[in-house]
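This report refers to the structure that appears directly beneath it.
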Amino acid sequence: MAGAGGDKPFAKAGPSPLSRVLRISQLDAFELDGALEQLVWSQFTQCFQHFKPGILTPVEPELKALLQLLLWRFTIYSNSATVGQSLLNIRYKNALIPGQKYRPMSRPQKFWFALLTVGEKWFRERSHSLFLNHPAESNARKARKVLSILLGLTKAASLVNFLLFLQRGTFPTLTERLLGVQPVFSRPQGPRDINFQYLNRELLWHGFAEFLIFLLPLINVWKLKAGVSALFSPLSDLTGTQSSEETHLTECAICGEWPTMPHSIGCKHVFCYYCVKSNVIADIYFTCPKCGAETGQIEPVRLQVGTELLQS
Amino acid sequence: MPLVPANQPQLIRSCQKDEYYQNNLTNNANELFHTFAGSRRWLQWRKEIELLSDLTYYILTTLSGYQTLGEEYVSIIQVDPSKRRIPSRIRRTALICFHTFVPYLLDKVLICVENELEAEAPQNTRRTWNPLSHMRFWIQRAVGLLTESQRKSLIPLVFALQQGITLLYRLHVALFYTTGAFYHIAKRAAGVRYLRVGNASGDDPRISHSYRLLGGLSVLQLAITLTLQFNNLRQRQRARHEWKQHRNLLPSHQVSQSSSRTSRCILCLEERRNTTSTPCGHLFCWECITEWCNTKNECPLCREKFQPHRLVYLRSYK
């Protein structure tokens with residue numbers, strides 16, 4: 001781990017404020033800058049939310065570039081540090097001049113920085129619609145092809161620069177490498193103290209919520225209904241036995257209507273064939289919702305007609 | 001400044017940061033390849049590009065003796081099982097292989113075996129310079145030696161193996177929540193642990209207790225999932241058995257072939273089987289009309305709405 005030219009695992013807390021900056025801090029600064037740009041743009045568009053829809057679309061790249069230039073004016077041009085870098089105790093140093101003493105960015109470096117960051121974003125957004133107006137001309141087609149090749153080469157160079165950054169820890173972007181500006185600490189860096197309360201709370205609640213979402217569909221609603229209805233079953237016993245038996249034979253225990261193709265599952269209740277078959281297929285442990293009896297063989301209901309004839 | 005073992009939040013946050021920047025690297029490599037090589041070739045080599053990006057990331061950080069970005073973020077360092085030394089180069093190489101190559105090769109092998117087992121006729125693949133082609137050739141030869149019954153019995157085995165790998169990952173995460181070591185299986189296999197730079201007073205007993213509870217909850221969820229899968233398997237076998245018994249009754253119906261035109265089902269356009277009447281009086285096969293009612297509770301002919309349990313199976317109707 002003790003690489004000679006590599007990034008040291010412990011940030012030195014000595015008197016020298018120019019100790020090496022962590023790679024993750026430099027990358028986090030870019031994340032913060034991106035979030036700030038989005039915040040500024042969303043606040044700006046909210047000023048026009050009651051206007052006609054799409055009023056800003058024709059000049060959106062120019063407006064974004066203007067807002068970024070304003071940000072550049074009050075951050076890099078004044079303090080040699082972006083907002084994200086200021087939050088993380090980082091600022092740019094002129095790496096073209098050797099020596100341990102801190103030197104801010106020179107004026108040409110600042111202007112080139114604005115051109116290579118704000119101008120590059122504007123050009124990338126504008127170039128998408130730049131060649132749509134001339135589809136037939138061959139000159140525009142050649143220019144578009146050359147532009148695509150240049151963009152590809154730029155991406156390749158950025159990728160190689162990032163891989164070098166993983167090893168060296170300096171110059172995270174191509175712009176900084178070309179201009180010769182290097183992030184350094186503004187003040188002596190103490191030991192990092194990261195709080196994980198939010199992460200712990202989020203992870204634990206996410207685990208519990210996932211478990212609940214997983215478990216709730218497994219609860220058998222029919223059994224719950226049967227249990228709740230069983231609590232009130234003594235009330236139904238107040239009626240006569242004969243009337244309750246007639247109710248059992250004239251109502252399906254599932255849909256509550258006249259039973260179509262009446263079948264029974266071993267208890268005294270009657271079911272439609274479709275109702276009981278679909279429930280048994282859906283739930284292997286289906287029980288009678290009226291009395292909770294286990295499902296046996298599904299057989300058609302047969303009535304004793306001879307007894308009625310003898311009685312009459 | 002003391003070195004204490006890293007606990008669950010540090011390891012999880014470190015892995016999240018690493019995944020984020022690995023995804024960024026993979027996306028940039030994908031865009032680059034897509035720009036220069038085109039869409040069709042990019043789709044063909046997408047998995048290999050991802051593997052190459054991950055390998056590059058870990059070679060430039062772990063193998064070269066530097067921290068990864070996630071480890072740097074939470075100030076943790078890798079140590080070997082003795083907790084006193086940096087892992088050796090061989091151990092770090094093993095860690096990278098277990099983390100990147102083994103899942104890739106396992107995925108490739110399982111897909112090749114599954115394709116060969118499900119193919120009816122053995123396909124003749126040319127042996128080219130590609131090592132994957134060699135692997136496919138050897139798998140073809142191995143599958144060719146099996147008989148038809150052995151091949152059919154191996155297909156659910158491959159599926160069970162794939163499910164087993166997923167369950168193994170979930171079980172390992174639950175174990176990590178309980179014990180607090182080895183977030184990745186690759187790190188457990190290579191024996192790489194982590195130490196944390198910082199004050200030990202920040203540890204809270206309630207945190208480890210909560211994570212242990214989370215681990216128990218994960219194990220419980222895993223057990224319930226396994227139980228449900230076994231129940232579904234048994235239920236499916238029973239349904240298949242009942243369906244076979246049901247199909248044995250069909251030949252008796254075919255004996256009495258009435259050539260009447262009125263006994264044709266309007267849904268399947270064949271002779272009606274198990275004649276069923278809707279409340280409006282139209283006749284269909286039982287299977288056809290119940291399948292129809294799964295999507296629409298109305299008569300296919302006159303569109304009268306009814307509930308599925310109102311269908312009447314006419315037992316003695318021919």
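Chain labels run A, B, ... following the order of the structure tokens; each chain numbers its residues from 1, and ligands are numbered from 1 in the order shown.
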* Asked: Where in stretch 46-161 of chain A does DSSP assign strand (DSSP E or B), given as a PyMOL selection string?
  -> chain A and resi 90-94
Output for the residues just chosen: all heavy atoms as a PDB file, in the first residue's frame:
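In the end it all went to result08.pdb:
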```pdb
ATOM      1  N   ILE A  90     -11.194  22.796  -0.651  1.00  0.00           N
ATOM      2  CA  ILE A  90     -10.274  22.587  -1.766  1.00  0.00           C
ATOM      3  C   ILE A  90     -10.260  23.853  -2.598  1.00  0.00           C
ATOM      4  O   ILE A  90     -11.253  24.589  -2.640  1.00  0.00           O
ATOM      5  CB  ILE A  90     -10.730  21.387  -2.628  1.00  0.00           C
ATOM      6  CG1 ILE A  90     -10.622  20.086  -1.839  1.00  0.00           C
ATOM      7  CG2 ILE A  90      -9.921  21.254  -3.896  1.00  0.00           C
ATOM      8  CD1 ILE A  90     -11.273  18.935  -2.540  1.00  0.00           C
ATOM      9  N   ARG A  91      -9.131  24.133  -3.244  1.00  0.00           N
ATOM     10  CA  ARG A  91      -9.066  25.226  -4.216  1.00  0.00           C
ATOM     11  C   ARG A  91      -8.016  24.875  -5.250  1.00  0.00           C
ATOM     12  O   ARG A  91      -7.214  23.949  -5.060  1.00  0.00           O
ATOM     13  CB  ARG A  91      -8.735  26.547  -3.536  1.00  0.00           C
ATOM     14  CG  ARG A  91      -7.404  26.525  -2.798  1.00  0.00           C
ATOM     15  CD  ARG A  91      -7.155  27.827  -2.084  1.00  0.00           C
ATOM     16  NE  ARG A  91      -5.930  27.749  -1.285  1.00  0.00           N
ATOM     17  CZ  ARG A  91      -5.448  28.782  -0.595  1.00  0.00           C
ATOM     18  NH1 ARG A  91      -6.077  29.941  -0.611  1.00  0.00           N
ATOM     19  NH2 ARG A  91      -4.340  28.649   0.110  1.00  0.00           N
ATOM     20  N   TYR A  92      -8.042  25.620  -6.365  1.00  0.00           N
ATOM     21  CA  TYR A  92      -7.125  25.355  -7.455  1.00  0.00           C
ATOM     22  C   TYR A  92      -5.792  26.055  -7.218  1.00  0.00           C
ATOM     23  O   TYR A  92      -5.742  27.171  -6.704  1.00  0.00           O
ATOM     24  CB  TYR A  92      -7.709  25.837  -8.781  1.00  0.00           C
ATOM     25  CG  TYR A  92      -8.673  24.880  -9.402  1.00  0.00           C
ATOM     26  CD1 TYR A  92      -9.951  25.293  -9.752  1.00  0.00           C
ATOM     27  CD2 TYR A  92      -8.313  23.563  -9.650  1.00  0.00           C
ATOM     28  CE1 TYR A  92     -10.846  24.422 -10.338  1.00  0.00           C
ATOM     29  CE2 TYR A  92      -9.196  22.681 -10.221  1.00  0.00           C
ATOM     30  CZ  TYR A  92     -10.454  23.117 -10.564  1.00  0.00           C
ATOM     31  OH  TYR A  92     -11.329  22.242 -11.140  1.00  0.00           O
ATOM     32  N   LYS A  93      -4.740  25.380  -7.648  1.00  0.00           N
ATOM     33  CA  LYS A  93      -3.388  25.924  -7.556  1.00  0.00           C
ATOM     34  C   LYS A  93      -2.781  25.896  -8.948  1.00  0.00           C
ATOM     35  O   LYS A  93      -3.037  24.984  -9.734  1.00  0.00           O
ATOM     36  CB  LYS A  93      -2.564  25.069  -6.593  1.00  0.00           C
ATOM     37  CG  LYS A  93      -1.074  25.343  -6.634  1.00  0.00           C
ATOM     38  CD  LYS A  93      -0.310  24.143  -6.117  1.00  0.00           C
ATOM     39  CE  LYS A  93       1.167  24.286  -6.399  1.00  0.00           C
ATOM     40  NZ  LYS A  93       1.910  23.061  -6.095  1.00  0.00           N
ATOM     41  N   ASN A  94      -1.966  26.912  -9.232  1.00  0.00           N
ATOM     42  CA  ASN A  94      -1.282  26.987 -10.519  1.00  0.00           C
ATOM     43  C   ASN A  94      -0.116  26.015 -10.492  1.00  0.00           C
ATOM     44  O   ASN A  94       0.913  26.273  -9.863  1.00  0.00           O
ATOM     45  CB  ASN A  94      -0.798  28.419 -10.745  1.00  0.00           C
ATOM     46  CG  ASN A  94      -0.310  28.628 -12.155  1.00  0.00           C
ATOM     47  OD1 ASN A  94      -0.105  27.676 -12.898  1.00  0.00           O
ATOM     48  ND2 ASN A  94      -0.120  29.875 -12.523  1.00  0.00           N
TER      49      ASN A  94
END
```
* Neighbours of A:Val59 within 12 Å (only C-alpha atoms; same-chain residues fewer than 6 positions away dropped), as a PyMOL selection string? -> chain A and resi 65-66+122+125-126+129
* May I have the residues within 12 Å of A:Arg103 as a ChimeraX atom specification, using only C-alpha atoms and disregarding those fewer than 4 positions away in the same chain? => /A:18,79-80,91-99,107,181-184,186
With all heavy atoms retained, could you export that selection as a short mmCIF file (atom, residue, chain, number, x, y, z; two decimals), in the first residue's frame?
```
data_model
loop_
_atom_site.label_atom_id
_atom_site.label_comp_id
_atom_site.auth_asym_id
_atom_site.auth_seq_id
_atom_site.Cartn_x
_atom_site.Cartn_y
_atom_site.Cartn_z
N LEU A 18 -0.38 22.17 1.65
CA LEU A 18 -0.40 21.68 0.27
C LEU A 18 -0.29 20.17 0.21
O LEU A 18 0.25 19.63 -0.73
CB LEU A 18 0.75 22.31 -0.51
CG LEU A 18 0.74 23.83 -0.59
CD1 LEU A 18 1.87 24.31 -1.46
CD2 LEU A 18 -0.59 24.33 -1.13
N ASN A 79 -12.16 33.39 -6.47
CA ASN A 79 -11.53 32.61 -5.40
C ASN A 79 -10.71 31.43 -5.88
O ASN A 79 -10.19 30.70 -5.05
CB ASN A 79 -12.61 32.08 -4.44
CG ASN A 79 -13.49 33.18 -3.93
OD1 ASN A 79 -13.00 34.26 -3.61
ND2 ASN A 79 -14.77 32.92 -3.84
N SER A 80 -10.65 31.19 -7.20
CA SER A 80 -9.93 30.03 -7.72
C SER A 80 -10.49 28.71 -7.19
O SER A 80 -9.76 27.74 -7.06
CB SER A 80 -8.43 30.10 -7.41
OG SER A 80 -7.84 31.17 -8.08
N ARG A 91 -9.13 24.13 -3.24
CA ARG A 91 -9.07 25.23 -4.22
C ARG A 91 -8.02 24.88 -5.25
O ARG A 91 -7.21 23.95 -5.06
CB ARG A 91 -8.73 26.55 -3.54
CG ARG A 91 -7.40 26.52 -2.80
CD ARG A 91 -7.15 27.83 -2.08
NE ARG A 91 -5.93 27.75 -1.29
CZ ARG A 91 -5.45 28.78 -0.60
NH1 ARG A 91 -6.08 29.94 -0.61
NH2 ARG A 91 -4.34 28.65 0.11
N TYR A 92 -8.04 25.62 -6.37
CA TYR A 92 -7.13 25.36 -7.45
C TYR A 92 -5.79 26.06 -7.22
O TYR A 92 -5.74 27.17 -6.70
CB TYR A 92 -7.71 25.84 -8.78
CG TYR A 92 -8.67 24.88 -9.40
CD1 TYR A 92 -9.95 25.29 -9.75
CD2 TYR A 92 -8.31 23.56 -9.65
CE1 TYR A 92 -10.85 24.42 -10.34
CE2 TYR A 92 -9.20 22.68 -10.22
CZ TYR A 92 -10.45 23.12 -10.56
OH TYR A 92 -11.33 22.24 -11.14
N LYS A 93 -4.74 25.38 -7.65
CA LYS A 93 -3.39 25.92 -7.56
C LYS A 93 -2.78 25.90 -8.95
O LYS A 93 -3.04 24.98 -9.73
CB LYS A 93 -2.56 25.07 -6.59
CG LYS A 93 -1.07 25.34 -6.63
CD LYS A 93 -0.31 24.14 -6.12
CE LYS A 93 1.17 24.29 -6.40
NZ LYS A 93 1.91 23.06 -6.09
N ASN A 94 -1.97 26.91 -9.23
CA ASN A 94 -1.28 26.99 -10.52
C ASN A 94 -0.12 26.01 -10.49
O ASN A 94 0.91 26.27 -9.86
CB ASN A 94 -0.80 28.42 -10.74
CG ASN A 94 -0.31 28.63 -12.15
OD1 ASN A 94 -0.10 27.68 -12.90
ND2 ASN A 94 -0.12 29.87 -12.52
N ALA A 95 -0.27 24.88 -11.18
CA ALA A 95 0.77 23.85 -11.15
C ALA A 95 1.88 24.10 -12.16
O ALA A 95 2.86 23.36 -12.17
CB ALA A 95 0.14 22.48 -11.41
N LEU A 96 1.74 25.13 -12.99
CA LEU A 96 2.79 25.38 -13.98
C LEU A 96 4.02 26.00 -13.35
O LEU A 96 5.12 25.90 -13.89
CB LEU A 96 2.25 26.30 -15.07
CG LEU A 96 1.09 25.74 -15.90
CD1 LEU A 96 0.64 26.76 -16.92
CD2 LEU A 96 1.50 24.45 -16.57
N ILE A 97 3.84 26.68 -12.21
CA ILE A 97 4.97 27.30 -11.52
C ILE A 97 5.43 26.35 -10.43
O ILE A 97 4.66 26.03 -9.53
CB ILE A 97 4.57 28.66 -10.91
CG1 ILE A 97 4.00 29.56 -12.01
CG2 ILE A 97 5.74 29.32 -10.22
CD1 ILE A 97 3.45 30.86 -11.50
N PRO A 98 6.68 25.86 -10.48
CA PRO A 98 7.10 24.91 -9.45
C PRO A 98 7.30 25.61 -8.11
O PRO A 98 7.43 26.83 -8.02
CB PRO A 98 8.43 24.37 -10.00
CG PRO A 98 8.93 25.45 -10.88
CD PRO A 98 7.73 26.11 -11.48
N GLY A 99 7.28 24.81 -7.05
CA GLY A 99 7.46 25.35 -5.71
C GLY A 99 6.32 24.96 -4.80
O GLY A 99 5.22 24.62 -5.24
N ARG A 107 -4.71 34.76 -14.73
CA ARG A 107 -5.86 35.25 -15.48
C ARG A 107 -6.09 34.48 -16.77
O ARG A 107 -7.24 34.11 -17.07
CB ARG A 107 -5.67 36.74 -15.76
CG ARG A 107 -6.89 37.44 -16.33
CD ARG A 107 -6.63 38.91 -16.44
NE ARG A 107 -6.49 39.53 -15.13
CZ ARG A 107 -7.46 40.22 -14.55
NH1 ARG A 107 -8.61 40.37 -15.15
NH2 ARG A 107 -7.26 40.76 -13.37
N VAL A 181 -3.82 23.21 -13.82
CA VAL A 181 -4.29 23.64 -12.51
C VAL A 181 -4.57 22.38 -11.69
O VAL A 181 -5.04 21.38 -12.20
CB VAL A 181 -5.57 24.50 -12.61
CG1 VAL A 181 -5.23 25.82 -13.27
CG2 VAL A 181 -6.65 23.80 -13.38
N GLN A 182 -4.27 22.45 -10.41
CA GLN A 182 -4.30 21.28 -9.55
C GLN A 182 -5.03 21.61 -8.26
O GLN A 182 -4.77 22.65 -7.65
CB GLN A 182 -2.86 20.86 -9.24
CG GLN A 182 -2.73 19.55 -8.50
CD GLN A 182 -1.28 19.18 -8.32
OE1 GLN A 182 -0.44 19.52 -9.15
NE2 GLN A 182 -0.99 18.48 -7.25
N PRO A 183 -5.96 20.75 -7.82
CA PRO A 183 -6.64 21.04 -6.54
C PRO A 183 -5.72 20.77 -5.35
O PRO A 183 -5.00 19.77 -5.31
CB PRO A 183 -7.82 20.07 -6.55
CG PRO A 183 -7.92 19.56 -7.93
CD PRO A 183 -6.55 19.61 -8.50
N VAL A 184 -5.77 21.67 -4.38
CA VAL A 184 -5.03 21.51 -3.13
C VAL A 184 -5.95 21.91 -2.00
O VAL A 184 -6.99 22.54 -2.21
CB VAL A 184 -3.75 22.35 -3.10
CG1 VAL A 184 -2.74 21.86 -4.12
CG2 VAL A 184 -4.07 23.81 -3.32
N SER A 186 -7.29 24.03 1.10
CA SER A 186 -7.21 25.43 1.49
C SER A 186 -6.61 25.58 2.88
O SER A 186 -5.83 26.49 3.14
CB SER A 186 -8.60 26.06 1.48
OG SER A 186 -9.22 25.84 0.24
#
```
* To do: Using DSSP on the backbone, list every residue of stretch 77-302 of chain B that comes out as alpha helix (DSSP H), and give them as a VMD selection string.
  => chain B and resid 89 to 96 102 to 118 131 to 144 148 to 179 185 to 190 205 to 248 250 to 255 286 to 293
* To do: Name all residues at most 10 Å from A:Leu203 (count only C-alpha atoms; drop same-chain ones fewer than 6 positions away) and give them as a PyMOL selection string.
  => (chain A and resi 197+209) or (chain B and resi 9+12+211+214)
Can you write out the residues you just picked, keeping N, CA and C atoms, as a compact mmCIF listing (two decimals), in the first residue's frame?
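Generated output (result-v3.txt):
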```
# COMPACT_ATOMS: atom_id res chain seq x y z
N GLN A 197 -25.37 7.85 10.48
CA GLN A 197 -26.71 7.69 11.06
C GLN A 197 -27.77 7.59 9.99
N ALA A 209 -39.29 -2.56 5.70
CA ALA A 209 -40.38 -2.35 4.75
C ALA A 209 -40.43 -3.46 3.72
N PRO B 9 -21.81 -0.21 8.44
CA PRO B 9 -22.04 0.99 7.63
C PRO B 9 -20.86 1.37 6.75
N ILE B 12 -20.71 -1.05 3.73
CA ILE B 12 -21.81 -0.86 2.77
C ILE B 12 -21.59 0.43 1.98
N TYR B 211 -28.42 -4.11 13.21
CA TYR B 211 -28.00 -4.87 12.03
C TYR B 211 -28.18 -6.37 12.24
N LEU B 214 -31.65 -7.04 11.56
CA LEU B 214 -31.88 -7.03 10.11
C LEU B 214 -31.42 -8.34 9.48
```
* With distances taken over only C-alpha atoms, which of B:Asn294, B:Thr278, B:Glu148, B:Ser210 is nearest to A:Arg201? ->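 Of all the options, B:Ser210 lies closest to A:Arg201.
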* Pick from B:Ala174, B:Val192, B:Cys97, B:Leu154: nearest to chain A, with only C-alpha atoms counted? ->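 Smallest distance to chain A is found for B:Ala174.
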* To do: Considering only C-alpha atoms, state which residue in the set B:Ser149, B:Ser75, B:Thr100, B:Asn30 is at the smallest distance from chain A.
  =>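 With only C-alpha atoms as the atom set, the closest residue is B:Ser75.
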* To do: Figure out the distance between atom CA of B:Val102 and atom CA of B:Glu114, please, to one decimal in Å.
  =>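 Answer for the atom CA of B:Glu114 to atom CA of B:Val102 separation: 18.1 Å.
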* Mind giving me the straight-line distance from atom CA of B:His134 to atom CA of B:Leu63 in Å, one decimal? =>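 Atom-to-atom, atom CA of B:His134 and atom CA of B:Leu63 are spaced 29.1 Å apart.
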* Which residues, written as a list in words, have at least one atom at most 10 Å from A:Phe111, with only C-alpha atoms counted and residues fewer than 5 positions away on the same chain left out? ->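 These residues fall inside the cut-off: Trp72, Arg73, Ile76, Tyr77, Met105, Ser106 and Leu116 of chain A.
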Can I get the selected residues back with N, CA, C and O atoms, as a CSV table (one decimal), in the first residue's frame?
```
chain,number,residue,atom,x,y,z
A,72,TRP,N,-19.3,31.1,-12.8
A,72,TRP,CA,-17.9,31.1,-12.9
A,72,TRP,C,-17.3,32.5,-12.4
A,72,TRP,O,-16.2,32.5,-11.8
A,73,ARG,N,-18.0,33.6,-12.7
A,73,ARG,CA,-17.5,34.9,-12.4
A,73,ARG,C,-17.4,35.0,-10.9
A,73,ARG,O,-16.4,35.6,-10.4
A,76,ILE,N,-14.7,30.8,-9.6
A,76,ILE,CA,-13.4,30.6,-10.1
A,76,ILE,C,-12.6,31.9,-10.3
A,76,ILE,O,-11.5,32.0,-9.8
A,77,TYR,N,-13.3,32.9,-10.9
A,77,TYR,CA,-12.6,34.1,-11.2
A,77,TYR,C,-12.2,34.9,-9.9
A,77,TYR,O,-11.2,35.5,-9.8
A,105,MET,N,-4.8,30.6,-9.6
A,105,MET,CA,-4.8,30.5,-11.1
A,105,MET,C,-4.5,31.9,-11.7
A,105,MET,O,-5.0,32.9,-11.2
A,106,SER,N,-3.8,31.9,-12.8
A,106,SER,CA,-3.5,33.1,-13.5
A,106,SER,C,-4.7,33.5,-14.3
A,106,SER,O,-5.6,32.7,-14.5
A,116,LEU,N,-13.3,26.3,-21.7
A,116,LEU,CA,-13.3,24.9,-21.9
A,116,LEU,C,-14.4,24.2,-21.1
A,116,LEU,O,-14.7,23.0,-21.4
```
* A:Trp258 surroundings by only C-alpha atoms, 9 Å radius, close-in-sequence under 5 positions cut, as a list in words ->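 Counting only C-alpha atoms, the residues come to Leu249, Thr250, Glu251, Cys252 and Cys272 of chain A.
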File dump, residues just selected, N, CA and C atoms, as a CSV table (one decimal), in the first residue's frame:
```
chain,number,residue,atom,x,y,z
A,249,LEU,N,-78.4,-24.7,2.4
A,249,LEU,CA,-78.6,-25.3,1.1
A,249,LEU,C,-78.9,-24.4,0.0
A,250,THR,N,-79.4,-23.2,0.3
A,250,THR,CA,-79.8,-22.2,-0.8
A,250,THR,C,-78.8,-21.1,-1.0
A,251,GLU,N,-77.7,-21.1,-0.4
A,251,GLU,CA,-76.7,-20.1,-0.6
A,251,GLU,C,-75.3,-20.7,-0.8
A,252,CYS,N,-74.6,-20.2,-1.7
A,252,CYS,CA,-73.2,-20.6,-1.9
A,252,CYS,C,-72.4,-19.9,-0.8
A,272,CYS,N,-70.9,-23.3,-5.2
A,272,CYS,CA,-70.9,-23.4,-6.7
A,272,CYS,C,-69.7,-24.2,-7.1
```
* Determine, counting only C-alpha atoms, which protein, DNA and RNA residues have an atom within 7 Å of an atom of B:Leu32; residues of the same chain fewer than 5 positions away are not included. Present the result as JSON, numbers by chain. => {"A": [152, 155, 156]}
* To do: Between atom CA of A:Met261 and atom CA of B:Asn232, measure the distance and give it in Å to one decimal.
  => 28.8 Å
* Asked: Closest to chain A among B:Ile266, B:Val109, B:Leu3, B:Val158, using only C-alpha atoms?
  ->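 Nearest to chain A: B:Leu3.
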* Asked: Out of B:Leu195, B:Arg41, B:Glu291, B:Gln221, which residue has the shortest atom-to-atom distance to A:Ile213 when counting only C-alpha atoms?
  ->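 Among the listed residues, the smallest separation from A:Ile213 belongs to B:Gln221.
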* Nearest to A:Glu210 by atom-to-atom distance, counting only C-alpha atoms, from B:Val113, B:Ser218, B:Phe33, B:Leu60 ->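 Smallest distance to A:Glu210 is found for B:Ser218.
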